[in-house]
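Worksheet: one structure, shown below.
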Amino acid sequence: MTTVSPTPQPAMRLRELIFGAACAAAVRAAARLGVPDALGDEPTTSDKLAASVGTEPRPLQRLLRTLACYGIFEETEDGSFTHTEMSRLLREDTPNSLRAISLWCTEPWTWDAWPRLDDAVRSGRGVVEDLYGKGFFDYLHQDAQESAQVFDRAMTTSSKQSARDLVELLDLTGVSSVADIGGGQGHVVAGLLEKYPSLHGTLLDLPSVVADADPRLRDGGPLAERARIVPGDCRTDIPVEADLYIIKNILEWDDDSTRRTLGRVIEAARPGARVVIIENLVDDSPSMKFTTAMDLLLLLNVGGAKHTKESLVRHISEAGLLVHDILVVNPYLHAFECTVPA
């Protein structure tokens, strides 16, 4: 039976951290093999699981034993394995599944990039162009299409989950129109239109992104009459006037993009308009281990950075917006309530 030992001494803990790649690789392997989906509610031997997922029993048992050390699966006294709360999150059919994000954070390009972190820290630049001869998203879509599909699934899953929390949090009483700027497939605006039957909404994002907009917003969808889909680049122009502008997780690429996006909002919005900016923060959050890791991954792939509360307030204020409140959306996201000066 595999058990999690008490807090180890510093030398042992450091050894564990040094082998962190083994844990990440084990999570990826289990997800790709479909082990979490094959394991039902009853304890199951590695032999039976191996037959279900098409592996050798002994190596699968070793994989599961490793994961059980981290609380991902649990080994019973008779050597069978059962689910834990964490292992269930790797199932496709689990609400708030983390399978897609687990695969995205362990895609093949990440294993090429992480060893170059010292180079990125020295230069302050991403390393993907040096590795592959082209920018990150060009590389994904031209040379790593399977990884691009994983990215799309991970972002869609994450967006749907955070959209539910955001829709529940926001009070749009008195708001007649909302614009989701850089809103991806439009899960936030669709959720808000469902919650507020008199609300009208606009989704703005790149043409390739809005081409796959939430079906509820597209022609023939139940929200289409109150929805407008605008293809465009929010760093260049925001041809939308609304009572409320939502900007979620798009101010992390670089300072210039942040300034340009906020500037376009100021230009488009009327005085007194409400602006809600939602971001992951690398401080003041119970998710700091995750968000600081994502911060380093952003440095590696696009030279970007997650914000601290202070840095984001500074950017917002320098753009000319007034910050009124900072709300907790969930353990991973904060919402900055702002207005355009009258």
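Starting from 1 in every chain, residues are counted up; chains themselves are A, B, ... following the order of the structure tokens, and ligands are numbered from 1 as listed.
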(request) Can you pull out every residue within 12 Å of A:Glu267, counting only C-alpha atoms, but drop anything in the same chain fewer than 3 positions away, and send it as a list in words? (result)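 The residues that qualify are Cys234, Arg235, Thr236, Asp237, Ile238, Pro239, Val240, Glu241, Arg260, Thr261, Leu262, Gly263, Arg264, Arg270, Pro271, Ala273, Ala319, Gly320, Leu321, Val340 and Pro341 of chain A.
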Put those residues in a file: N, CA, C and O atoms, as a short mmCIF file (atom, residue, chain, number, x, y, z; two decimals), in the first residue's frame.
```cif
data_model
loop_
_atom_site.label_atom_id
_atom_site.label_comp_id
_atom_site.auth_asym_id
_atom_site.auth_seq_id
_atom_site.Cartn_x
_atom_site.Cartn_y
_atom_site.Cartn_z
N CYS A 234 -7.86 43.40 -30.73
CA CYS A 234 -8.15 44.41 -29.71
C CYS A 234 -6.96 45.35 -29.46
O CYS A 234 -7.13 46.41 -28.87
N ARG A 235 -5.78 44.98 -29.91
CA ARG A 235 -4.62 45.86 -29.76
C ARG A 235 -4.62 46.97 -30.80
O ARG A 235 -3.93 47.97 -30.65
N THR A 236 -5.42 46.77 -31.87
CA THR A 236 -5.46 47.72 -32.98
C THR A 236 -6.70 48.59 -32.96
O THR A 236 -6.63 49.82 -33.12
N ASP A 237 -7.86 47.96 -32.73
CA ASP A 237 -9.11 48.72 -32.76
C ASP A 237 -10.20 47.93 -32.03
O ASP A 237 -10.24 46.70 -32.11
N ILE A 238 -11.05 48.65 -31.31
CA ILE A 238 -12.21 48.04 -30.65
C ILE A 238 -13.44 48.83 -31.08
O ILE A 238 -13.83 49.82 -30.45
N PRO A 239 -14.05 48.44 -32.20
CA PRO A 239 -15.18 49.19 -32.75
C PRO A 239 -16.50 48.81 -32.07
O PRO A 239 -17.48 48.45 -32.74
N VAL A 240 -16.52 48.92 -30.75
CA VAL A 240 -17.68 48.48 -29.98
C VAL A 240 -17.94 49.50 -28.87
O VAL A 240 -17.02 49.86 -28.13
N GLU A 241 -19.18 49.95 -28.75
CA GLU A 241 -19.57 50.77 -27.62
C GLU A 241 -20.50 49.96 -26.73
O GLU A 241 -21.46 49.37 -27.21
N ARG A 260 -1.51 48.85 -25.32
CA ARG A 260 -2.30 49.07 -26.53
C ARG A 260 -3.74 48.64 -26.34
O ARG A 260 -4.67 49.34 -26.76
N THR A 261 -3.95 47.49 -25.72
CA THR A 261 -5.31 47.00 -25.51
C THR A 261 -6.11 47.93 -24.61
O THR A 261 -7.25 48.30 -24.91
N LEU A 262 -5.52 48.32 -23.47
CA LEU A 262 -6.22 49.22 -22.56
C LEU A 262 -6.47 50.58 -23.23
O LEU A 262 -7.53 51.20 -23.03
N GLY A 263 -5.53 51.03 -24.05
CA GLY A 263 -5.72 52.29 -24.77
C GLY A 263 -6.87 52.23 -25.74
O GLY A 263 -7.65 53.19 -25.88
N ARG A 264 -7.03 51.09 -26.43
CA ARG A 264 -8.14 50.95 -27.38
C ARG A 264 -9.48 50.93 -26.64
O ARG A 264 -10.48 51.43 -27.15
N ARG A 270 -17.41 55.10 -23.70
CA ARG A 270 -17.90 56.42 -23.31
C ARG A 270 -17.54 56.68 -21.85
O ARG A 270 -17.34 55.74 -21.08
N PRO A 271 -17.47 57.94 -21.45
CA PRO A 271 -17.17 58.27 -20.05
C PRO A 271 -18.15 57.59 -19.09
O PRO A 271 -19.35 57.57 -19.33
N ALA A 273 -18.21 54.39 -18.50
CA ALA A 273 -18.39 52.97 -18.82
C ALA A 273 -17.62 52.11 -17.83
O ALA A 273 -16.57 52.50 -17.31
N ALA A 319 -3.15 53.68 -17.94
CA ALA A 319 -3.99 53.76 -19.14
C ALA A 319 -5.08 54.81 -18.98
O ALA A 319 -5.65 55.27 -19.99
N GLY A 320 -5.38 55.18 -17.74
CA GLY A 320 -6.40 56.18 -17.50
C GLY A 320 -7.68 55.67 -16.90
O GLY A 320 -8.64 56.43 -16.71
N LEU A 321 -7.74 54.38 -16.56
CA LEU A 321 -8.92 53.81 -15.93
C LEU A 321 -8.85 54.03 -14.42
O LEU A 321 -7.77 54.09 -13.83
N VAL A 340 -14.25 54.09 -16.82
CA VAL A 340 -13.64 55.13 -17.65
C VAL A 340 -13.99 56.47 -17.02
O VAL A 340 -15.15 56.73 -16.71
N PRO A 341 -13.02 57.34 -16.79
CA PRO A 341 -13.31 58.61 -16.14
C PRO A 341 -14.37 59.42 -16.89
O PRO A 341 -14.42 59.41 -18.12
#
```
(request) Please identify which residues in stretch 10-106 of chain A DSSP calls helix (DSSP H, G or I) from the backbone, and express them as a VMD selection string. (result) chain A and resid 10 to 18 20 to 33 35 to 38 46 to 53 57 to 68 85 to 88 99 to 104
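Atom pair atom CA of A:Cys23 / atom CA of A:Arg116 has a distance of 19.9 Å (rounded to one decimal).
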(message) Just want the 9 Å neighbourhood of stretch 42-57 of chain A, counted on only C-alpha atoms, with same-chain residues fewer than 5 positions away dropped. Output as a ChimeraX atom specification.
(response) /A:33-35,62,64,75-76,78-83
Store the residues picked out above in a file with N, CA, C and O atoms, as a JSON list (two decimals), in the first residue's frame.
```json
[["chain", "number", "residue", "atom", "x", "y", "z"],
["A", 33, "LEU", "N", -2.85, 7.53, -21.65],
["A", 33, "LEU", "CA", -3.23, 6.12, -21.69],
["A", 33, "LEU", "C", -4.71, 5.91, -21.39],
["A", 33, "LEU", "O", -5.25, 4.83, -21.66],
["A", 34, "GLY", "N", -5.35, 6.92, -20.80],
["A", 34, "GLY", "CA", -6.76, 6.78, -20.46],
["A", 34, "GLY", "C", -7.02, 6.03, -19.18],
["A", 34, "GLY", "O", -8.13, 5.53, -18.95],
["A", 35, "VAL", "N", -6.02, 5.94, -18.30],
["A", 35, "VAL", "CA", -6.17, 5.18, -17.06],
["A", 35, "VAL", "C", -7.26, 5.77, -16.16],
["A", 35, "VAL", "O", -8.09, 5.02, -15.64],
["A", 62, "ARG", "N", 3.90, 0.31, -11.76],
["A", 62, "ARG", "CA", 4.95, 1.24, -11.33],
["A", 62, "ARG", "C", 4.52, 2.69, -11.55],
["A", 62, "ARG", "O", 4.79, 3.57, -10.71],
["A", 64, "LEU", "N", 1.40, 3.86, -11.59],
["A", 64, "LEU", "CA", 0.35, 4.20, -10.62],
["A", 64, "LEU", "C", 0.91, 4.33, -9.21],
["A", 64, "LEU", "O", 0.45, 5.17, -8.43],
["A", 75, "GLU", "N", -3.31, 3.33, -3.64],
["A", 75, "GLU", "CA", -3.08, 1.89, -3.67],
["A", 75, "GLU", "C", -3.65, 1.27, -2.40],
["A", 75, "GLU", "O", -3.36, 1.72, -1.29],
["A", 76, "THR", "N", -4.46, 0.24, -2.56],
["A", 76, "THR", "CA", -5.08, -0.43, -1.43],
["A", 76, "THR", "C", -4.15, -1.50, -0.86],
["A", 76, "THR", "O", -3.11, -1.81, -1.44],
["A", 78, "ASP", "N", -4.41, -4.66, -0.80],
["A", 78, "ASP", "CA", -4.23, -5.85, -1.62],
["A", 78, "ASP", "C", -3.54, -5.54, -2.96],
["A", 78, "ASP", "O", -3.45, -6.41, -3.83],
["A", 79, "GLY", "N", -3.07, -4.29, -3.13],
["A", 79, "GLY", "CA", -2.34, -3.95, -4.34],
["A", 79, "GLY", "C", -3.19, -3.43, -5.48],
["A", 79, "GLY", "O", -2.67, -3.18, -6.57],
["A", 80, "SER", "N", -4.48, -3.25, -5.23],
["A", 80, "SER", "CA", -5.34, -2.65, -6.25],
["A", 80, "SER", "C", -5.23, -1.13, -6.18],
["A", 80, "SER", "O", -4.61, -0.57, -5.27],
["A", 81, "PHE", "N", -5.84, -0.47, -7.15],
["A", 81, "PHE", "CA", -5.81, 0.99, -7.19],
["A", 81, "PHE", "C", -7.23, 1.54, -7.26],
["A", 81, "PHE", "O", -8.12, 0.93, -7.87],
["A", 82, "THR", "N", -7.41, 2.68, -6.62],
["A", 82, "THR", "CA", -8.70, 3.34, -6.61],
["A", 82, "THR", "C", -8.51, 4.83, -6.84],
["A", 82, "THR", "O", -7.40, 5.35, -6.74],
["A", 83, "HIS", "N", -9.61, 5.50, -7.16],
["A", 83, "HIS", "CA", -9.54, 6.92, -7.44],
["A", 83, "HIS", "C", -9.37, 7.75, -6.17],
["A", 83, "HIS", "O", -9.79, 7.36, -5.08]]
```
(request) Please provide the set of residues having any atom within 8 Å of A:Phe336, restricted to only C-alpha atoms, with same-chain residues fewer than 5 positions apart removed, written as a ChimeraX atom specification. (result) /A:276-278,323-327
(request) Show which residues sit within 12 Å of A:Glu107, as a ChimeraX atom specification. Count only C-alpha atoms, and ignore same-chain residues fewer than 3 positions away. (result) /A:24-25,27-29,32,100-104,110-114,140,144-151,154,297
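Among the candidates A:Leu298, A:Asp255, A:Ala342, A:Glu74, the residue lying nearest to A:Arg314 is A:Asp255 (atoms considered: only C-alpha atoms).
In this structure, atom CA of A:Leu14 sits 19.1 Å away from atom CA of A:Ala68.
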